[in-house]
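Novice: This is the structure I have questions about; it appears just below.
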Amino acid sequence: MALKDVKPTRSELINLKKKIKLSERGYNILKMKRDGLILEFFKVLEEAKGSRDAIGEKYARAQGIIAIANTVEGSIGVKAAAMSVREKPELTLKKKNIMGVVVPEIEATKVKKDLAERGYGVLGTSAVIDETASAFEELVDEIIRAAEIETTMKRLLNEIESTKRRVNALEFKVIPELKEASAFIKMRLDEMERDELVRLKKIKAKSKA
Amino acid sequence: MEIAVIGNSDFILGFRLAGVEMTIAAESDQKLAEAVTRVLNNNSVGILVLKGSDIERLPERIRTTLEESVQPTVITIGAAEGGVSMREKIKRAVGVDLWK
């Protein structure tokens with residue numbers, strides 16, 4: 001709002017005062033929201049660090065085991081076993097609300113299976129295959145957990161960023177401009193009042209003379 | 001919702017063994033980019049697993065989409081690439097480098 005658009009009237013001043021009050025209230029609430037979001041974010045951050053390390057570790061282990069399986073069974077044997085796995089892990093999504101940010105809660109079923117459920121024959125394959133399968137099942141389990149945490153983090157970060165932008169816009173742009181406008185109106189009104197007073201005095205002096 | 005894994009045939013083999021059905025083999029750069037775009041447009045995919053070194057082979061545009069994507073959530077395994085983008089995001093949003 002540029003200064004030249006402001007009409008120096010009393011009603012405009014009242015409107016501006018109302019607007020300033022509203023903006024300040026919004027600013028305080030948004031500031032609280034921002035702080036709350038950052039607090040939540042700190043909680044998730046700790047978990048995220050852990051899960052990333054866990055994935056790396058589990059992946060390295062699974063890679064080692066599958067290399068052994070490839071040597072023992074031959075890559076065709078491992079592939080054959082892999083193709084015959086039937087049960088696939090299923091994900092169900094639930095929604096959780098963190099300070100107005102909708103965050104997924106992923107629940108997985110059938111990630112870890114026992115021997116009979118895997119689908120390849122027990123007789124045709126050696127124990128190395130079983131070990132490989134269970135190592136990768138653990139990896140998938142960890143990935144699912146990490147996915148939940150990471151989505152939560154991304155959404156929280158986006159929300160923090162936009163909230164921060166709004167807080168800053170109010171603090172450094174909207175509120176100062178409104179205050180400036182109201183100061184301008186006050187000054188003009190005072191000036192007009194003094195004008196009026198001087199004019200009345202002049203008229204009085206003239207009528208006496 | 002499903003898990004999707006994209007990578008070379010060695011990478012996806014283990015995930016097949018764990019029962020992940022949507023494994024897409026992609027050896028060349030072009031195939032990789034195609035597979036990733038297809039999965040990104042597929043609404044039934046909830047989690048996309050990629051190898052860290054494969055991310056670097058993707059075109060810049062797809063890479064940024066991957067970093068921003070919430071559904072599917074992209075998880076990278078191996079190289080620290082995923083951590084770097086997350087670190088940037090944190091720096092931008094909070095203003096402090098909190099990632100370690």
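FYI, nothing fancy with the structure tokens labels: chains A, B, ... in order, residues from 1 per chain, ligands from 1 as they appear.
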How close does each residue of chain A get to chain B, giving the shortest atom pair and distance in Å to one decimal for every residue with an atom at most 8 Å away, counting only C-alpha atoms, sorted by chain and residue number, as JSON lines?
Specialist:
{"residue": "A:Ile38", "atom": "CA", "partner": "B:Val94", "partner_atom": "CA", "distance": 7.6}
{"residue": "A:Lys49", "atom": "CA", "partner": "B:Trp99", "partner_atom": "CA", "distance": 7.9}
{"residue": "A:Ile55", "atom": "CA", "partner": "B:Ile77", "partner_atom": "CA", "distance": 7.1}
{"residue": "A:Gly56", "atom": "CA", "partner": "B:Gly78", "partner_atom": "CA", "distance": 6.3}
{"residue": "A:Tyr59", "atom": "CA", "partner": "B:Ile77", "partner_atom": "CA", "distance": 7.4}
{"residue": "A:Ala62", "atom": "CA", "partner": "B:Gly14", "partner_atom": "CA", "distance": 7.9}
{"residue": "A:Ile66", "atom": "CA", "partner": "B:Gly14", "partner_atom": "CA", "distance": 7.0}
{"residue": "A:Lys79", "atom": "CA", "partner": "B:Leu13", "partner_atom": "CA", "distance": 6.8}
{"residue": "A:Ala81", "atom": "CA", "partner": "B:Leu17", "partner_atom": "CA", "distance": 7.0}
{"residue": "A:Ala82", "atom": "CA", "partner": "B:Leu17", "partner_atom": "CA", "distance": 4.3}
{"residue": "A:Met83", "atom": "CA", "partner": "B:Arg16", "partner_atom": "CA", "distance": 6.9}
{"residue": "A:Val85", "atom": "CA", "partner": "B:Gly19", "partner_atom": "CA", "distance": 5.7}
{"residue": "A:Arg86", "atom": "CA", "partner": "B:Gly19", "partner_atom": "CA", "distance": 6.6}
{"residue": "A:Glu87", "atom": "CA", "partner": "B:Gly19", "partner_atom": "CA", "distance": 5.9}
{"residue": "A:Lys88", "atom": "CA", "partner": "B:Gly19", "partner_atom": "CA", "distance": 4.6}
{"residue": "A:Pro89", "atom": "CA", "partner": "B:Gly19", "partner_atom": "CA", "distance": 6.4}
{"residue": "A:Glu90", "atom": "CA", "partner": "B:Glu2", "partner_atom": "CA", "distance": 6.5}
{"residue": "A:Leu91", "atom": "CA", "partner": "B:Met1", "partner_atom": "CA", "distance": 5.3}
{"residue": "A:Thr92", "atom": "CA", "partner": "B:Met1", "partner_atom": "CA", "distance": 6.6}
{"residue": "A:Leu93", "atom": "CA", "partner": "B:Met1", "partner_atom": "CA", "distance": 7.8}
{"residue": "A:Val111", "atom": "CA", "partner": "B:Ala18", "partner_atom": "CA", "distance": 7.4}
{"residue": "A:Arg118", "atom": "CA", "partner": "B:Gly19", "partner_atom": "CA", "distance": 7.9}
{"residue": "A:Thr132", "atom": "CA", "partner": "B:Gly14", "partner_atom": "CA", "distance": 7.3}
{"residue": "A:Ala133", "atom": "CA", "partner": "B:Ala18", "partner_atom": "CA", "distance": 5.2}
{"residue": "A:Ser134", "atom": "CA", "partner": "B:Ala18", "partner_atom": "CA", "distance": 7.0}
{"residue": "A:Phe136", "atom": "CA", "partner": "B:Ala18", "partner_atom": "CA", "distance": 5.4}
{"residue": "A:Glu137", "atom": "CA", "partner": "B:Ala18", "partner_atom": "CA", "distance": 4.9}
{"residue": "A:Val140", "atom": "CA", "partner": "B:Ala18", "partner_atom": "CA", "distance": 7.5}
{"residue": "A:Ile143", "atom": "CA", "partner": "B:Ile75", "partner_atom": "CA", "distance": 7.2}
{"residue": "A:Ile144", "atom": "CA", "partner": "B:Ile47", "partner_atom": "CA", "distance": 7.5}
{"residue": "A:Ala146", "atom": "CA", "partner": "B:Ile75", "partner_atom": "CA", "distance": 7.7}
{"residue": "A:Ala147", "atom": "CA", "partner": "B:Thr73", "partner_atom": "CA", "distance": 6.0}
{"residue": "A:Glu150", "atom": "CA", "partner": "B:Thr73", "partner_atom": "CA", "distance": 7.5}
{"residue": "A:Thr151", "atom": "CA", "partner": "B:Val70", "partner_atom": "CA", "distance": 5.8}
{"residue": "A:Lys154", "atom": "CA", "partner": "B:Val70", "partner_atom": "CA", "distance": 7.1}
{"residue": "A:Arg155", "atom": "CA", "partner": "B:Val70", "partner_atom": "CA", "distance": 7.6}
{"residue": "A:Leu157", "atom": "CA", "partner": "B:Ala93", "partner_atom": "CA", "distance": 5.9}
{"residue": "A:Asn158", "atom": "CA", "partner": "B:Ala93", "partner_atom": "CA", "distance": 7.4}
{"residue": "A:Ile160", "atom": "CA", "partner": "B:Ala93", "partner_atom": "CA", "distance": 6.2}
{"residue": "A:Glu161", "atom": "CA", "partner": "B:Ala93", "partner_atom": "CA", "distance": 4.8}
{"residue": "A:Lys164", "atom": "CA", "partner": "B:Ala93", "partner_atom": "CA", "distance": 8.0}
Novice: For Lys17 (chain A), work out the shell of residues within 12 Å, counting only C-alpha atoms and skipping chain neighbours fewer than 5 positions away, then give it as a list in words.
Specialist: Arg10, Ser11, Glu12, Leu22, Ser23, Glu24, Ile175, Leu178, Lys179, Glu180, Ala181, Ser182, Ala183, Ile185 and Lys186 of chain A
Novice: Mind checking DSSP for region 9-208 of chain A and telling me the helix (DSSP H, G or I) residues as a ChimeraX atom specification?
Specialist: /A:10-73,75-83,115-117,127-208
Novice: Include C-alpha atoms and write out the residues we just selected as a short mmCIF file (atom, residue, chain, number, x, y, z; two decimals), in the first residue's frame.
Specialist:
data_model
loop_
_atom_site.label_atom_id
_atom_site.label_comp_id
_atom_site.auth_asym_id
_atom_site.auth_seq_id
_atom_site.Cartn_x
_atom_site.Cartn_y
_atom_site.Cartn_z
CA ARG A 10 -10.85 9.50 10.28
CA SER A 11 -12.73 6.39 9.11
CA GLU A 12 -9.69 5.26 7.15
CA LEU A 13 -7.60 5.61 10.31
CA ILE A 14 -10.02 3.42 12.23
CA ASN A 15 -9.95 0.81 9.48
CA LEU A 16 -6.17 0.84 9.46
CA LYS A 17 -6.00 0.38 13.21
CA LYS A 18 -8.26 -2.65 12.89
CA LYS A 19 -6.06 -4.06 10.14
CA ILE A 20 -2.89 -3.57 12.21
CA LYS A 21 -4.45 -5.38 15.14
CA LEU A 22 -5.52 -8.28 12.92
CA SER A 23 -2.11 -8.55 11.26
CA GLU A 24 -0.34 -8.56 14.57
CA ARG A 25 -2.58 -11.29 15.89
CA GLY A 26 -1.97 -13.36 12.74
CA TYR A 27 1.73 -12.72 13.03
CA ASN A 28 1.84 -14.01 16.59
CA ILE A 29 -0.12 -17.13 15.75
CA LEU A 30 2.02 -17.90 12.71
CA LYS A 31 5.17 -17.39 14.74
CA MET A 32 3.94 -19.93 17.24
CA LYS A 33 3.08 -22.32 14.42
CA ARG A 34 6.55 -21.95 12.97
CA ASP A 35 8.21 -22.67 16.29
CA GLY A 36 5.98 -25.67 16.85
CA LEU A 37 6.77 -27.07 13.42
CA ILE A 38 10.49 -26.71 13.97
CA LEU A 39 10.17 -28.49 17.30
CA GLU A 40 8.35 -31.37 15.60
CA PHE A 41 10.97 -31.37 12.90
CA PHE A 42 13.75 -31.84 15.42
CA LYS A 43 12.06 -34.98 16.68
CA VAL A 44 11.83 -36.47 13.19
CA LEU A 45 15.38 -35.45 12.33
CA GLU A 46 16.90 -37.69 14.96
CA GLU A 47 14.99 -40.69 13.64
CA ALA A 48 15.92 -39.88 10.05
CA LYS A 49 19.62 -39.87 10.80
CA GLY A 50 19.37 -43.31 12.36
CA SER A 51 17.32 -44.83 9.58
CA ARG A 52 19.68 -43.66 6.86
CA ASP A 53 22.62 -45.32 8.56
CA ALA A 54 20.60 -48.48 9.09
CA ILE A 55 19.75 -48.69 5.38
CA GLY A 56 23.39 -48.41 4.40
CA GLU A 57 24.39 -51.09 6.84
CA LYS A 58 21.63 -53.50 5.84
CA TYR A 59 22.28 -52.93 2.17
CA ALA A 60 25.96 -53.74 2.55
CA ARG A 61 25.09 -56.92 4.40
CA ALA A 62 22.51 -57.97 1.82
CA GLN A 63 24.96 -57.31 -1.00
CA GLY A 64 27.54 -59.52 0.68
CA ILE A 65 25.11 -62.36 1.14
CA ILE A 66 23.76 -62.23 -2.39
CA ALA A 67 27.31 -62.38 -3.69
CA ILE A 68 27.80 -65.57 -1.74
CA ALA A 69 24.51 -66.94 -3.03
CA ASN A 70 25.57 -66.17 -6.58
CA THR A 71 28.75 -68.11 -6.09
CA VAL A 72 27.16 -71.08 -4.38
CA GLU A 73 23.99 -71.40 -6.43
CA SER A 75 23.27 -66.59 -10.78
CA ILE A 76 20.65 -68.62 -12.64
CA GLY A 77 19.73 -70.49 -9.49
CA VAL A 78 19.31 -67.24 -7.55
CA LYS A 79 17.26 -65.73 -10.37
CA ALA A 80 15.04 -68.78 -10.54
CA ALA A 81 14.37 -68.56 -6.84
CA ALA A 82 13.69 -64.84 -7.11
CA MET A 83 11.20 -65.31 -9.94
CA LEU A 115 10.35 -70.36 4.60
CA ALA A 116 7.10 -71.91 3.43
CA GLU A 117 5.63 -68.61 2.32
CA ALA A 127 20.25 -72.21 2.87
CA VAL A 128 22.19 -69.35 1.29
CA ILE A 129 19.14 -68.37 -0.72
CA ASP A 130 17.03 -68.27 2.41
CA GLU A 131 19.58 -66.06 4.08
CA THR A 132 19.71 -63.73 1.10
CA ALA A 133 15.94 -63.48 1.02
CA SER A 134 15.71 -62.68 4.71
CA ALA A 135 18.51 -60.10 4.44
CA PHE A 136 16.65 -58.32 1.67
CA GLU A 137 13.38 -58.57 3.53
CA GLU A 138 15.03 -56.75 6.41
CA LEU A 139 16.33 -54.15 4.00
CA VAL A 140 12.86 -53.60 2.54
CA ASP A 141 11.46 -53.28 6.03
CA GLU A 142 14.00 -50.59 6.84
CA ILE A 143 13.32 -48.82 3.55
CA ILE A 144 9.63 -48.63 4.33
CA ARG A 145 10.34 -47.11 7.72
CA ALA A 146 12.76 -44.63 6.15
CA ALA A 147 10.21 -43.72 3.50
CA GLU A 148 7.71 -42.76 6.16
CA ILE A 149 10.22 -40.63 8.02
CA GLU A 150 11.54 -39.00 4.90
CA THR A 151 8.10 -38.08 3.58
CA THR A 152 7.28 -36.61 6.96
CA MET A 153 10.46 -34.56 6.86
CA LYS A 154 9.87 -33.28 3.35
CA ARG A 155 6.33 -32.19 4.14
CA LEU A 156 7.37 -30.57 7.41
CA LEU A 157 10.20 -28.71 5.70
CA ASN A 158 7.88 -27.38 3.00
CA GLU A 159 5.42 -26.21 5.63
CA ILE A 160 8.17 -24.61 7.72
CA GLU A 161 9.43 -22.76 4.70
CA SER A 162 6.07 -21.33 3.70
CA THR A 163 5.19 -20.44 7.29
CA LYS A 164 8.50 -18.71 7.72
CA ARG A 165 7.93 -16.75 4.56
CA ARG A 166 4.53 -15.65 5.78
CA VAL A 167 5.87 -14.64 9.19
CA ASN A 168 8.62 -12.59 7.59
CA ALA A 169 6.26 -10.98 5.11
CA LEU A 170 4.01 -9.88 7.95
CA GLU A 171 6.84 -8.72 10.17
CA PHE A 172 8.89 -6.81 7.63
CA LYS A 173 6.40 -5.79 4.96
CA VAL A 174 2.73 -5.77 5.86
CA ILE A 175 2.81 -4.46 9.43
CA PRO A 176 5.41 -1.69 8.86
CA GLU A 177 3.48 -0.44 5.83
CA LEU A 178 0.21 -0.33 7.73
CA LYS A 179 1.88 1.50 10.59
CA GLU A 180 3.43 3.98 8.22
CA ALA A 181 0.06 4.65 6.61
CA SER A 182 -1.62 5.19 9.95
CA ALA A 183 1.15 7.59 11.07
CA PHE A 184 0.68 9.51 7.84
CA ILE A 185 -3.05 9.84 8.38
CA LYS A 186 -2.57 10.99 11.95
CA MET A 187 -0.15 13.64 10.83
CA ARG A 188 -2.47 14.90 8.11
CA LEU A 189 -5.43 15.01 10.48
CA ASP A 190 -3.45 17.03 13.03
CA GLU A 191 -2.28 19.34 10.30
CA MET A 192 -5.87 19.90 9.15
CA GLU A 193 -6.94 20.62 12.68
CA ARG A 194 -4.25 23.26 13.09
CA ASP A 195 -5.29 24.79 9.75
CA GLU A 196 -8.83 25.01 10.95
CA LEU A 197 -7.80 26.65 14.24
CA VAL A 198 -5.69 29.28 12.56
CA ARG A 199 -8.48 30.06 10.12
CA LEU A 200 -11.00 30.50 12.91
CA LYS A 201 -8.62 32.84 14.77
CA LYS A 202 -8.11 34.91 11.63
CA ILE A 203 -11.87 35.23 11.07
CA LYS A 204 -12.39 36.21 14.69
CA ALA A 205 -9.68 38.88 14.47
CA LYS A 206 -11.24 40.26 11.30
CA SER A 207 -14.77 40.38 12.70
CA LYS A 208 -13.52 42.25 15.82
#
Novice: List every residue of chain B that DSSP, applied to the backbone, labels as strand (DSSP E or B), and write the result as a JSON list (two decimals) with all heavy atoms, in the first residue's frame.
Specialist:
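In the end it all went to states_15.json:
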[["chain", "number", "residue", "atom", "x", "y", "z"],
["B", 2, "GLU", "N", 2.43, -49.84, -3.64],
["B", 2, "GLU", "CA", 3.49, -50.78, -3.96],
["B", 2, "GLU", "C", 4.86, -50.15, -3.78],
["B", 2, "GLU", "O", 5.02, -48.94, -3.75],
["B", 2, "GLU", "CB", 3.35, -51.21, -5.41],
["B", 2, "GLU", "CG", 2.40, -52.37, -5.60],
["B", 2, "GLU", "CD", 2.47, -52.86, -7.02],
["B", 2, "GLU", "OE1", 1.83, -52.24, -7.88],
["B", 2, "GLU", "OE2", 3.18, -53.84, -7.26],
["B", 3, "ILE", "N", 5.84, -51.03, -3.71],
["B", 3, "ILE", "CA", 7.23, -50.57, -3.73],
["B", 3, "ILE", "C", 7.75, -50.83, -5.13],
["B", 3, "ILE", "O", 7.49, -51.88, -5.71],
["B", 3, "ILE", "CB", 8.07, -51.38, -2.72],
["B", 3, "ILE", "CG1", 7.45, -51.30, -1.33],
["B", 3, "ILE", "CG2", 9.49, -50.85, -2.68],
["B", 3, "ILE", "CD1", 8.17, -52.15, -0.32],
["B", 4, "ALA", "N", 8.47, -49.88, -5.69],
["B", 4, "ALA", "CA", 9.08, -50.09, -6.99],
["B", 4, "ALA", "C", 10.60, -49.98, -6.86],
["B", 4, "ALA", "O", 11.10, -49.16, -6.10],
["B", 4, "ALA", "CB", 8.58, -49.05, -7.99],
["B", 5, "VAL", "N", 11.29, -50.84, -7.55],
["B", 5, "VAL", "CA", 12.75, -50.79, -7.53],
["B", 5, "VAL", "C", 13.24, -50.68, -8.96],
["B", 5, "VAL", "O", 12.81, -51.43, -9.83],
["B", 5, "VAL", "CB", 13.33, -52.07, -6.88],
["B", 5, "VAL", "CG1", 14.85, -51.98, -6.81],
["B", 5, "VAL", "CG2", 12.75, -52.30, -5.50],
["B", 6, "ILE", "N", 14.11, -49.72, -9.20],
["B", 6, "ILE", "CA", 14.69, -49.58, -10.54],
["B", 6, "ILE", "C", 16.20, -49.65, -10.42],
["B", 6, "ILE", "O", 16.78, -49.04, -9.52],
["B", 6, "ILE", "CB", 14.29, -48.24, -11.18],
["B", 6, "ILE", "CG1", 12.77, -48.12, -11.27],
["B", 6, "ILE", "CG2", 14.90, -48.11, -12.57],
["B", 6, "ILE", "CD1", 12.30, -46.78, -11.77],
["B", 7, "GLY", "N", 16.82, -50.37, -11.32],
["B", 7, "GLY", "CA", 18.27, -50.45, -11.28],
["B", 7, "GLY", "C", 18.77, -51.52, -12.22],
["B", 7, "GLY", "O", 17.99, -52.09, -12.99],
["B", 22, "MET", "N", 7.39, -55.11, -8.33],
["B", 22, "MET", "CA", 7.60, -54.10, -9.35],
["B", 22, "MET", "C", 9.10, -53.76, -9.42],
["B", 22, "MET", "O", 9.55, -52.75, -8.91],
["B", 22, "MET", "CB", 6.81, -52.86, -9.01],
["B", 22, "MET", "CG", 6.36, -52.12, -10.22],
["B", 22, "MET", "SD", 5.35, -50.77, -9.72],
["B", 22, "MET", "CE", 4.98, -50.05, -11.26],
["B", 23, "THR", "N", 9.83, -54.65, -10.04],
["B", 23, "THR", "CA", 11.25, -54.36, -10.21],
["B", 23, "THR", "C", 11.48, -54.13, -11.70],
["B", 23, "THR", "O", 11.07, -54.95, -12.51],
["B", 23, "THR", "CB", 12.12, -55.53, -9.74],
["B", 23, "THR", "OG1", 11.61, -56.73, -10.32],
["B", 23, "THR", "CG2", 12.07, -55.67, -8.24],
["B", 24, "ILE", "N", 12.10, -53.03, -12.03],
["B", 24, "ILE", "CA", 12.31, -52.70, -13.43],
["B", 24, "ILE", "C", 13.81, -52.67, -13.70],
["B", 24, "ILE", "O", 14.55, -51.92, -13.07],
["B", 24, "ILE", "CB", 11.68, -51.34, -13.77],
["B", 24, "ILE", "CG1", 10.19, -51.35, -13.42],
["B", 24, "ILE", "CG2", 11.88, -51.01, -15.24],
["B", 24, "ILE", "CD1", 9.56, -49.99, -13.32],
["B", 25, "ALA", "N", 14.21, -53.51, -14.64],
["B", 25, "ALA", "CA", 15.62, -53.53, -15.00],
["B", 25, "ALA", "C", 15.89, -52.42, -15.99],
["B", 25, "ALA", "O", 15.16, -52.26, -16.96],
["B", 25, "ALA", "CB", 15.97, -54.87, -15.61],
["B", 45, "VAL", "N", 2.28, -46.46, -6.95],
["B", 45, "VAL", "CA", 3.59, -46.65, -6.33],
["B", 45, "VAL", "C", 3.75, -45.71, -5.14],
["B", 45, "VAL", "O", 3.54, -44.51, -5.24],
["B", 45, "VAL", "CB", 4.72, -46.38, -7.35],
["B", 45, "VAL", "CG1", 6.08, -46.50, -6.69],
["B", 45, "VAL", "CG2", 4.61, -47.35, -8.50],
["B", 46, "GLY", "N", 4.10, -46.28, -4.01],
["B", 46, "GLY", "CA", 4.26, -45.47, -2.81],
["B", 46, "GLY", "C", 5.71, -45.16, -2.49],
["B", 46, "GLY", "O", 6.04, -44.10, -2.00],
["B", 47, "ILE", "N", 6.57, -46.13, -2.77],
["B", 47, "ILE", "CA", 7.98, -45.94, -2.47],
["B", 47, "ILE", "C", 8.80, -46.34, -3.69],
["B", 47, "ILE", "O", 8.55, -47.37, -4.29],
["B", 47, "ILE", "CB", 8.41, -46.82, -1.28],
["B", 47, "ILE", "CG1", 7.60, -46.47, -0.03],
["B", 47, "ILE", "CG2", 9.89, -46.63, -0.98],
["B", 47, "ILE", "CD1", 7.80, -47.45, 1.11],
["B", 48, "LEU", "N", 9.73, -45.50, -4.07],
["B", 48, "LEU", "CA", 10.60, -45.82, -5.20],
["B", 48, "LEU", "C", 12.02, -45.98, -4.66],
["B", 48, "LEU", "O", 12.56, -45.09, -4.02],
["B", 48, "LEU", "CB", 10.54, -44.71, -6.24],
["B", 48, "LEU", "CG", 11.56, -44.75, -7.37],
["B", 48, "LEU", "CD1", 11.47, -46.03, -8.16],
["B", 48, "LEU", "CD2", 11.39, -43.57, -8.28],
["B", 49, "VAL", "N", 12.61, -47.14, -4.91],
["B", 49, "VAL", "CA", 13.96, -47.38, -4.44],
["B", 49, "VAL", "C", 14.93, -47.28, -5.62],
["B", 49, "VAL", "O", 14.71, -47.89, -6.66],
["B", 49, "VAL", "CB", 14.07, -48.78, -3.80],
["B", 49, "VAL", "CG1", 15.48, -49.00, -3.27],
["B", 49, "VAL", "CG2", 13.07, -48.93, -2.69],
["B", 50, "LEU", "N", 15.95, -46.47, -5.45],
["B", 50, "LEU", "CA", 16.94, -46.29, -6.51],
["B", 50, "LEU", "C", 18.33, -46.45, -5.93],
["B", 50, "LEU", "O", 18.55, -46.27, -4.74],
["B", 50, "LEU", "CB", 16.83, -44.89, -7.10],
["B", 50, "LEU", "CG", 15.76, -44.63, -8.13],
["B", 50, "LEU", "CD1", 15.65, -43.14, -8.37],
["B", 50, "LEU", "CD2", 16.07, -45.34, -9.43],
["B", 51, "LYS", "N", 19.27, -46.78, -6.80],
["B", 51, "LYS", "CA", 20.65, -46.86, -6.35],
["B", 51, "LYS", "C", 21.26, -45.46, -6.42],
["B", 51, "LYS", "O", 20.99, -44.71, -7.36],
["B", 51, "LYS", "CB", 21.40, -47.80, -7.29],
["B", 51, "LYS", "CG", 22.60, -48.44, -6.66],
["B", 51, "LYS", "CD", 23.14, -49.45, -7.64],
["B", 51, "LYS", "CE", 24.49, -49.95, -7.19],
["B", 51, "LYS", "NZ", 25.00, -50.94, -8.13],
["B", 73, "THR", "N", 7.64, -41.57, -2.50],
["B", 73, "THR", "CA", 8.83, -41.17, -1.77],
["B", 73, "THR", "C", 10.02, -41.89, -2.38],
["B", 73, "THR", "O", 9.97, -43.08, -2.62],
["B", 73, "THR", "CB", 8.73, -41.60, -0.30],
["B", 73, "THR", "OG1", 7.51, -41.13, 0.21],
["B", 73, "THR", "CG2", 9.87, -41.03, 0.49],
["B", 74, "VAL", "N", 11.07, -41.16, -2.64],
["B", 74, "VAL", "CA", 12.23, -41.76, -3.27],
["B", 74, "VAL", "C", 13.29, -42.04, -2.22],
["B", 74, "VAL", "O", 13.66, -41.16, -1.43],
["B", 74, "VAL", "CB", 12.81, -40.83, -4.35],
["B", 74, "VAL", "CG1", 13.97, -41.49, -5.04],
["B", 74, "VAL", "CG2", 11.74, -40.45, -5.34],
["B", 75, "ILE", "N", 13.73, -43.27, -2.18],
["B", 75, "ILE", "CA", 14.79, -43.65, -1.25],
["B", 75, "ILE", "C", 15.99, -44.08, -2.06],
["B", 75, "ILE", "O", 15.88, -44.90, -2.97],
["B", 75, "ILE", "CB", 14.32, -44.84, -0.37],
["B", 75, "ILE", "CG1", 13.13, -44.44, 0.48],
["B", 75, "ILE", "CG2", 15.47, -45.33, 0.49],
["B", 75, "ILE", "CD1", 13.47, -43.58, 1.65],
["B", 76, "THR", "N", 17.13, -43.50, -1.77],
["B", 76, "THR", "CA", 18.33, -43.92, -2.48],
["B", 76, "THR", "C", 19.19, -44.77, -1.57],
["B", 76, "THR", "O", 19.26, -44.54, -0.37],
["B", 76, "THR", "CB", 19.15, -42.71, -2.94],
["B", 76, "THR", "OG1", 19.39, -41.88, -1.80],
["B", 76, "THR", "CG2", 18.42, -41.92, -3.98],
["B", 77, "ILE", "N", 19.79, -45.77, -2.17],
["B", 77, "ILE", "CA", 20.65, -46.66, -1.40],
["B", 77, "ILE", "C", 22.06, -46.52, -1.94],
["B", 77, "ILE", "O", 22.27, -46.40, -3.14],
["B", 77, "ILE", "CB", 20.18, -48.12, -1.55],
["B", 77, "ILE", "CG1", 18.78, -48.24, -0.98],
["B", 77, "ILE", "CG2", 21.11, -49.06, -0.83],
["B", 77, "ILE", "CD1", 18.26, -49.63, -1.03]]
Novice: Have a look at B:Asp97, B:Asn8, B:Arg87, B:Thr64 and name the one nearest to Asp29 (chain B); count only C-alpha atoms.
Specialist: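 For Asp29 (chain B), the nearest of the candidates is B:Asn8.
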Novice: Between CA of Thr37 (chain B) and CA of Ile62 (chain B), measure the distance and give it in Å to one decimal.
Specialist: 7.5 Å
Novice: Could you check how far CA of Val103 (chain A) sits from CA of Asn43 (chain B), in Å to one decimal?
Specialist: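 Separating CA of Val103 (chain A) from CA of Asn43 (chain B) is a distance of 17.3 Å.
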Novice: Interatomic distance between CA of Leu58 (chain B) and CA of Ile106 (chain A)?
Specialist: 27.7 Å
